[in-house]
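Step one of this worksheet: look at the structure below.
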Amino acid sequence: MRNLTILLLLLLFSCSHPTGNKKYEKGGESINELSFNVTKKTLKNGLKILVVENHKLPIFTYYTYYEVGGKHETKGITGASHFLEHMMFKGAKKYGPGMFDQLVEGNGGKNNAYTTNDLTVYYESLPSEHLNKIIDLEADRMENLSLVPESFESERMVVLEERKMRYENSDRGKLYLNMMKNMFTGTPYGTSVIGDISDLKTVSRDQIYDYFKKFYTPNNAVIVIVGDVDANDVVDEIEKKFSKIKPTANLDKIKEEVLSQKGFKFKGKYNRSIKLKGTSKTPMFFLAFQGIKVGPRDAYTLDILSSILGDGESSYLSKKYVINKKPKLTNVYAANYTMQESGVFFIGGQLIKPQNLNWIRKDLFKKIKKVCKGNFSDRSLLKIKNQYLVQMISGLETNSGVAKFLGNREVYYNDYNFYKKEMDIYNSVTKEELVTACNKYLKKNKSLFLSIWHKH
Amino acid sequence: MKYILIFTILFSQNLWATNYLDDNLNTMNWNGIDVVWLEDDQYPTYYVSVYFHAGAVEDAKGKAGQTDMMFNQLTSGTTRYSKQEIVNELEFFGASYGANVTHEYSTFSVNGLVKDMIPTMKMICHSFSNATYPVSEFKKTKKRILTSYKNLVTNHSALANRVFREVSLKKTAYKNPVSGTMKSIKAIKARDLHDKLLFFNKKVKKRIYIKGPKSIKALKNVFAKDCRWGGADYVTKLTKVTKKPVANNTVYLVPVPKANQAQIRVGRYLTYDESQKEHELKSLASKYMGGGFTSRLMQELRVKRGLTYSAGAYASTQKTYGRSGISTFTKNKTLADTLKVIEEVITKESKSVEEGNFKHIKRFIKGNYLFGLESTSSFLETLLFFDHAGRDYEDIYKFPARIDEIQKKDLQSMIGKIYNWNSQTKLILGNKKLKKQLEKNGYTVKVLNYKNFL
């Protein structure tokens, strides 16, 4: 990530939910009357555009999703997507070095970006009068990014410092990095999004440029604009600036070649413990399970299961380990991280006492076994649906929240409207399905137990 | 909607509506408590923030963290319900709730769906009226807090902030972290929390801020009957910070194990007098130095030299004091270079701000100020703080015009005043070997043990 936003996990997506402005009902019900007035157009070169007019305030937010991320990186160029994310602000043909930030911030706006295993996303928010300037800036850097050698080298140093900050100097970061590496060994998700140190030190400007030319093209991008704009004018302006940019020929084939080299089938060594040396005075752990990609019904079921297990103080595991009579953990949480091709379901926590971890691993499996037998209330299922509704609505107070909400669905489901089906699926998930999913996915032989503290 | 017009005014910078906010925000008095209501029916959600005119400076001697703990353990048990029952109920409604305790004041905020507003707020109020702080829960909480402090060493940035606060605010009433220290947490008894809650319930002056549709008016009865709050008039007597910080060339080094980066904190406290005036100018100075990708520090440290990933500057004020400073990090071997660049930037900009940069920062700060108020809950929080600090709401919509009035020499002068290198407390948290590098570069180094600040 370019600055202080999320690089580590894009969990929001797997636990985010749609919005509405008409009828909201209690958990278990649906929000059928939710609707956004979206203008959608796909240009001849493949560029997708979504525009939502919101005239509440004279401002807008502009998101660009590039469907390229850590999984597309091959040997020797791990971290390329993220490195490129940094370089995208370093100048292009028309708007040279430093001009992007100068123009955005100098017009009262703000901008940032983030990279995940699947995507790289850029966003800007400005007063509406500057929309055409942003369209021009974005078109310029998509078509003619410069990658000036001097900037490239100084940014290499910046990325290395970011890596240290997020992972090398953070026990939690190390745990996460190692979970992904070991869970997805031998698959495109087994590399780190920020990149291996050796690759970051050696990757060349030409390698990054090749990567850019291949993946930063209109047929690999989705633009979402929300705010005080005229949708038709916006589409016209984007067409004017972007339609001349050539798409990558055979993009799907190129992607397929990259991804199929390894494939996404789990092929690591599971049912084992991994001990990491850290600085924490009490042990921190992840119990991770082979998960599932975004989309299938089981993915939604696992979202709910993760919330039942570890979302909030009243969650199942919190009651067993944190707010019970004799607490063993300072905190516990669970997450279902679904990506485009695969996923990981994990439980995290930290021990109160500096002690051996074997017992917690064993005990977690005992607790999970109980949940897999249906040892949780119907009320907790209803609670999760209520919580999802609140989370969903809370994220929509800003243009940026709406743009991200719609953009994620367009990219992941090829349908910005998918939130309606999504909420229906969540609301229709039954206890029986949760039990079935629990037994299917939370298996010891498909798990990894990772821990870190200063005594390892 | 009223809220929209506020923004229209802000963006168009028209000052014709001097009394605009007074006309459009709803103010009420519920049982002796002032209420500020921002009507917002765009989404079926509500937001309530209760302001208490007392903060962590009210903590008993040797019991820093008492107020913070009192609020944060409010749901640990009541005369009727256990902790599990309370959190079960509140989380069932999907409600988010929590306290924010500062030295000067405290707030307790709740948000959720309007349809569940009454039962949620009834449970919150029940907790305020009937919290018993059961000893068993209290002991568990203490244990968790103490463990989290021990583990702070794994978060170098948070640890640097904590140590820096105490070192830079030494000899003021505000040096203790509001969440307390291991020593002070150990000294707090469950009874202390109960006593503190009684004091806040009965004596401390309150103000309520609400965002939501008309139906929020039903909360009036909940506050009166369930919270049992009425007009109270106790206001914390705050100690004004009057003595200016002493200049020195000492660098405090806080060694931590296995650090491959050096955390850098440079800053000072602002006196009462400094905190009371020139709010817009201080904001401009801090944004100019370290408020975005185009700020001076980001340009010089990151863009030009690749010395760091991020660098920020701040100048924030409370009612009786303020803090200004710079925060960044770098790799071990470039620590001295980074400090030198920071010093050079401060020195240069306090003497000469380039015209282009000056115009740029003015446009930047005006736009960003507004985005910070885009959500109605953020807007309410701003109003709450303005009320606390005794500032007029007018300041909000006059902000752009006041920024426009600032001259270049004013900005240079403010940078020199608040970031003057020689009057800053300088703290480095990182590898113990950094001592040699610092000494070699002419700094007097004083080593501090991080454990003394937990």
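Residues are named by chain letter and number: chains run A, B, ... in the order of the structure tokens, numbers start at 1 in each chain, and ligands are numbered from 1 in the order shown.
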TODO: May I have the residues of chain A within 7 Å of chain B, counting only C-alpha atoms, written as JSON, numbers by chain?
DONE: {"A": [3, 21, 56, 57, 101, 102, 105, 106, 107, 108, 109, 154, 155, 157, 158, 161, 162, 169, 170, 171, 279, 280, 281, 313, 314, 327, 330, 352, 383, 386, 387, 390, 397, 398]}
- [ ] Find the residues near Leu259 of chain A: any atom within 12 Å, counting only C-alpha atoms, skip ones fewer than 2 places away on the same chain, and give them as a ChimeraX atom specification.
- [x] /A:68-74,118,186-190,252-257,261-265,340-341
Selected residues, N, CA and C atoms, written as a short mmCIF file (atom, residue, chain, number, x, y, z; two decimals), in the first residue's frame, please.
data_model
loop_
_atom_site.label_atom_id
_atom_site.label_comp_id
_atom_site.auth_asym_id
_atom_site.auth_seq_id
_atom_site.Cartn_x
_atom_site.Cartn_y
_atom_site.Cartn_z
N VAL A 68 -5.16 -6.96 -11.26
CA VAL A 68 -3.83 -7.56 -11.18
C VAL A 68 -3.35 -7.42 -9.74
N GLY A 69 -2.76 -8.49 -9.24
CA GLY A 69 -2.30 -8.47 -7.85
C GLY A 69 -1.20 -9.49 -7.65
N GLY A 70 -0.94 -9.78 -6.40
CA GLY A 70 0.17 -10.68 -6.07
C GLY A 70 0.15 -12.01 -6.80
N LYS A 71 -1.03 -12.52 -7.10
CA LYS A 71 -1.11 -13.86 -7.70
C LYS A 71 -0.58 -13.88 -9.14
N HIS A 72 -0.48 -12.71 -9.75
CA HIS A 72 -0.02 -12.68 -11.14
C HIS A 72 1.50 -12.58 -11.26
N GLU A 73 2.17 -12.52 -10.13
CA GLU A 73 3.63 -12.33 -10.17
C GLU A 73 4.34 -13.68 -10.31
N THR A 74 5.35 -13.68 -11.15
CA THR A 74 6.09 -14.93 -11.36
C THR A 74 7.44 -14.87 -10.64
N ASP A 118 -5.30 -10.27 -5.40
CA ASP A 118 -6.07 -10.29 -6.64
C ASP A 118 -6.07 -8.97 -7.41
N GLY A 186 3.20 -23.29 -3.16
CA GLY A 186 3.12 -23.85 -4.51
C GLY A 186 1.98 -23.32 -5.34
N THR A 187 1.24 -22.34 -4.80
CA THR A 187 0.16 -21.72 -5.58
C THR A 187 0.48 -20.22 -5.74
N PRO A 188 -0.20 -19.54 -6.64
CA PRO A 188 0.08 -18.11 -6.83
C PRO A 188 -0.21 -17.26 -5.57
N TYR A 189 -0.96 -17.80 -4.64
CA TYR A 189 -1.21 -17.06 -3.40
C TYR A 189 -0.12 -17.30 -2.35
N GLY A 190 0.82 -18.14 -2.68
CA GLY A 190 1.88 -18.47 -1.70
C GLY A 190 3.02 -17.47 -1.67
N ASP A 252 -6.89 -12.69 -21.21
CA ASP A 252 -7.34 -13.86 -20.44
C ASP A 252 -6.34 -15.01 -20.58
N LYS A 253 -5.83 -15.15 -21.78
CA LYS A 253 -4.88 -16.24 -22.04
C LYS A 253 -3.58 -16.00 -21.26
N ILE A 254 -3.14 -14.75 -21.26
CA ILE A 254 -1.91 -14.42 -20.52
C ILE A 254 -2.08 -14.72 -19.04
N LYS A 255 -3.22 -14.29 -18.52
CA LYS A 255 -3.48 -14.54 -17.10
C LYS A 255 -3.56 -16.04 -16.81
N GLU A 256 -4.25 -16.71 -17.67
CA GLU A 256 -4.42 -18.15 -17.49
C GLU A 256 -3.06 -18.85 -17.47
N GLU A 257 -2.18 -18.41 -18.38
CA GLU A 257 -0.84 -19.02 -18.43
C GLU A 257 -0.09 -18.81 -17.12
N GLN A 261 0.36 -22.12 -14.20
CA GLN A 261 1.69 -22.70 -13.96
C GLN A 261 1.71 -23.46 -12.64
N LYS A 262 1.07 -22.87 -11.66
CA LYS A 262 1.06 -23.50 -10.35
C LYS A 262 -0.31 -24.08 -10.00
N GLY A 263 -1.35 -23.39 -10.41
CA GLY A 263 -2.69 -23.83 -10.04
C GLY A 263 -3.00 -23.47 -8.60
N PHE A 264 -4.26 -23.60 -8.23
CA PHE A 264 -4.65 -23.15 -6.89
C PHE A 264 -4.99 -24.27 -5.92
N LYS A 265 -4.74 -25.49 -6.37
CA LYS A 265 -5.04 -26.61 -5.49
C LYS A 265 -4.06 -26.58 -4.30
N GLN A 340 -10.19 -14.49 -5.09
CA GLN A 340 -10.85 -14.89 -6.35
C GLN A 340 -10.70 -16.38 -6.65
N GLU A 341 -9.60 -16.98 -6.22
CA GLU A 341 -9.36 -18.36 -6.60
C GLU A 341 -9.30 -19.35 -5.44
#
TODO: List every residue of segment 74-301 of chain B that DSSP, applied to the backbone of this structure, places in helix (DSSP H, G or I), and write the result as a ChimeraX atom specification.
DONE: /B:83-92,114-130,135-154,156-168,182-187,190-202,214-227,272-276,279-290,296-301
- [ ] Excluding segment 51-55 of chain A and residues on its chain fewer than 2 positions from it, collect all residues at most 8 Å away from it, counting only C-alpha atoms, and give them as a PyMOL selection string.
- [x] chain A and resi 36-40+49+57-58+224-231+234-235+399
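Among the candidate residues A:Lys181, A:Val148, A:Tyr62, A:Val402, the one lying nearest to Gly98 of chain A is A:Val148, with distances computed using only C-alpha atoms.
Distance annotation: of B:Glu344, B:Asp195, B:Glu278, B:Glu300, the residue with the minimal separation from Leu411 of chain B is B:Glu278; atom set is only C-alpha atoms.
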Open item on the list: Could you go through segment 156-288 of chain A and tell me which residues DSSP, when run on the backbone, assigns to strand (DSSP E or B), listing them as a ChimeraX atom specification?
Closed with: /A:221-227,272-277,284-288
Those same residues - N, CA and C atoms - I'd like them written as an mmCIF file, in the first residue's frame.
data_model
loop_
_atom_site.group_PDB
_atom_site.id
_atom_site.type_symbol
_atom_site.label_atom_id
_atom_site.label_comp_id
_atom_site.auth_asym_id
_atom_site.auth_seq_id
_atom_site.Cartn_x
_atom_site.Cartn_y
_atom_site.Cartn_z
ATOM 1 N N ALA A 221 -9.401 -3.183 -16.394
ATOM 2 C CA ALA A 221 -9.708 -2.147 -15.393
ATOM 3 C C ALA A 221 -11.196 -1.865 -15.287
ATOM 4 N N VAL A 222 -11.573 -1.432 -14.091
ATOM 5 C CA VAL A 222 -12.945 -0.985 -13.838
ATOM 6 C C VAL A 222 -12.860 0.368 -13.139
ATOM 7 N N ILE A 223 -13.560 1.351 -13.672
ATOM 8 C CA ILE A 223 -13.579 2.677 -13.037
ATOM 9 C C ILE A 223 -14.939 2.868 -12.368
ATOM 10 N N VAL A 224 -14.904 3.311 -11.124
ATOM 11 C CA VAL A 224 -16.160 3.588 -10.413
ATOM 12 C C VAL A 224 -16.107 5.030 -9.901
ATOM 13 N N ILE A 225 -17.102 5.815 -10.271
ATOM 14 C CA ILE A 225 -17.141 7.216 -9.826
ATOM 15 C C ILE A 225 -18.459 7.468 -9.105
ATOM 16 N N VAL A 226 -18.368 8.029 -7.922
ATOM 17 C CA VAL A 226 -19.571 8.332 -7.139
ATOM 18 C C VAL A 226 -19.472 9.776 -6.660
ATOM 19 N N GLY A 227 -20.522 10.547 -6.878
ATOM 20 C CA GLY A 227 -20.505 11.903 -6.347
ATOM 21 C C GLY A 227 -21.347 12.870 -7.139
ATOM 22 N N ARG A 272 0.188 -29.506 10.894
ATOM 23 C CA ARG A 272 1.476 -29.329 11.572
ATOM 24 C C ARG A 272 1.514 -27.954 12.238
ATOM 25 N N SER A 273 2.522 -27.795 13.096
ATOM 26 C CA SER A 273 2.715 -26.518 13.790
ATOM 27 C C SER A 273 3.952 -25.822 13.242
ATOM 28 N N ILE A 274 3.865 -24.518 13.157
ATOM 29 C CA ILE A 274 5.004 -23.723 12.691
ATOM 30 C C ILE A 274 5.320 -22.703 13.775
ATOM 31 N N LYS A 275 6.558 -22.745 14.246
ATOM 32 C CA LYS A 275 6.962 -21.835 15.321
ATOM 33 C C LYS A 275 7.842 -20.725 14.762
ATOM 34 N N LEU A 276 7.506 -19.503 15.094
ATOM 35 C CA LEU A 276 8.267 -18.359 14.591
ATOM 36 C C LEU A 276 8.869 -17.581 15.749
ATOM 37 N N LYS A 277 10.068 -17.087 15.524
ATOM 38 C CA LYS A 277 10.732 -16.292 16.556
ATOM 39 C C LYS A 277 10.230 -14.854 16.467
ATOM 40 N N MET A 284 1.398 -15.571 20.438
ATOM 41 C CA MET A 284 0.316 -15.168 19.545
ATOM 42 C C MET A 284 0.168 -16.317 18.542
ATOM 43 N N PHE A 285 -1.053 -16.611 18.116
ATOM 44 C CA PHE A 285 -1.204 -17.762 17.219
ATOM 45 C C PHE A 285 -2.247 -17.533 16.142
ATOM 46 N N PHE A 286 -2.130 -18.312 15.075
ATOM 47 C CA PHE A 286 -3.170 -18.449 14.054
ATOM 48 C C PHE A 286 -3.439 -19.937 13.886
ATOM 49 N N LEU A 287 -4.685 -20.339 13.915
ATOM 50 C CA LEU A 287 -5.054 -21.686 13.500
ATOM 51 C C LEU A 287 -5.776 -21.503 12.167
ATOM 52 N N ALA A 288 -5.112 -21.948 11.094
ATOM 53 C CA ALA A 288 -5.633 -21.662 9.755
ATOM 54 C C ALA A 288 -6.100 -22.942 9.064
#
Open item on the list: Taking 6 positions as the minimum chain separation for residues in the same chain, which residues sit within 9 Å of Asp415 of chain A when counting only C-alpha atoms? Answer as an NGL selection string.
Closed with: :A and (406-407 or 409)
Task: Selected residue of minimal separation from Ser215 of chain B among B:Asp68, B:Asp192, B:Asp40, B:Glu381, counting only C-alpha atoms - done: B:Asp40
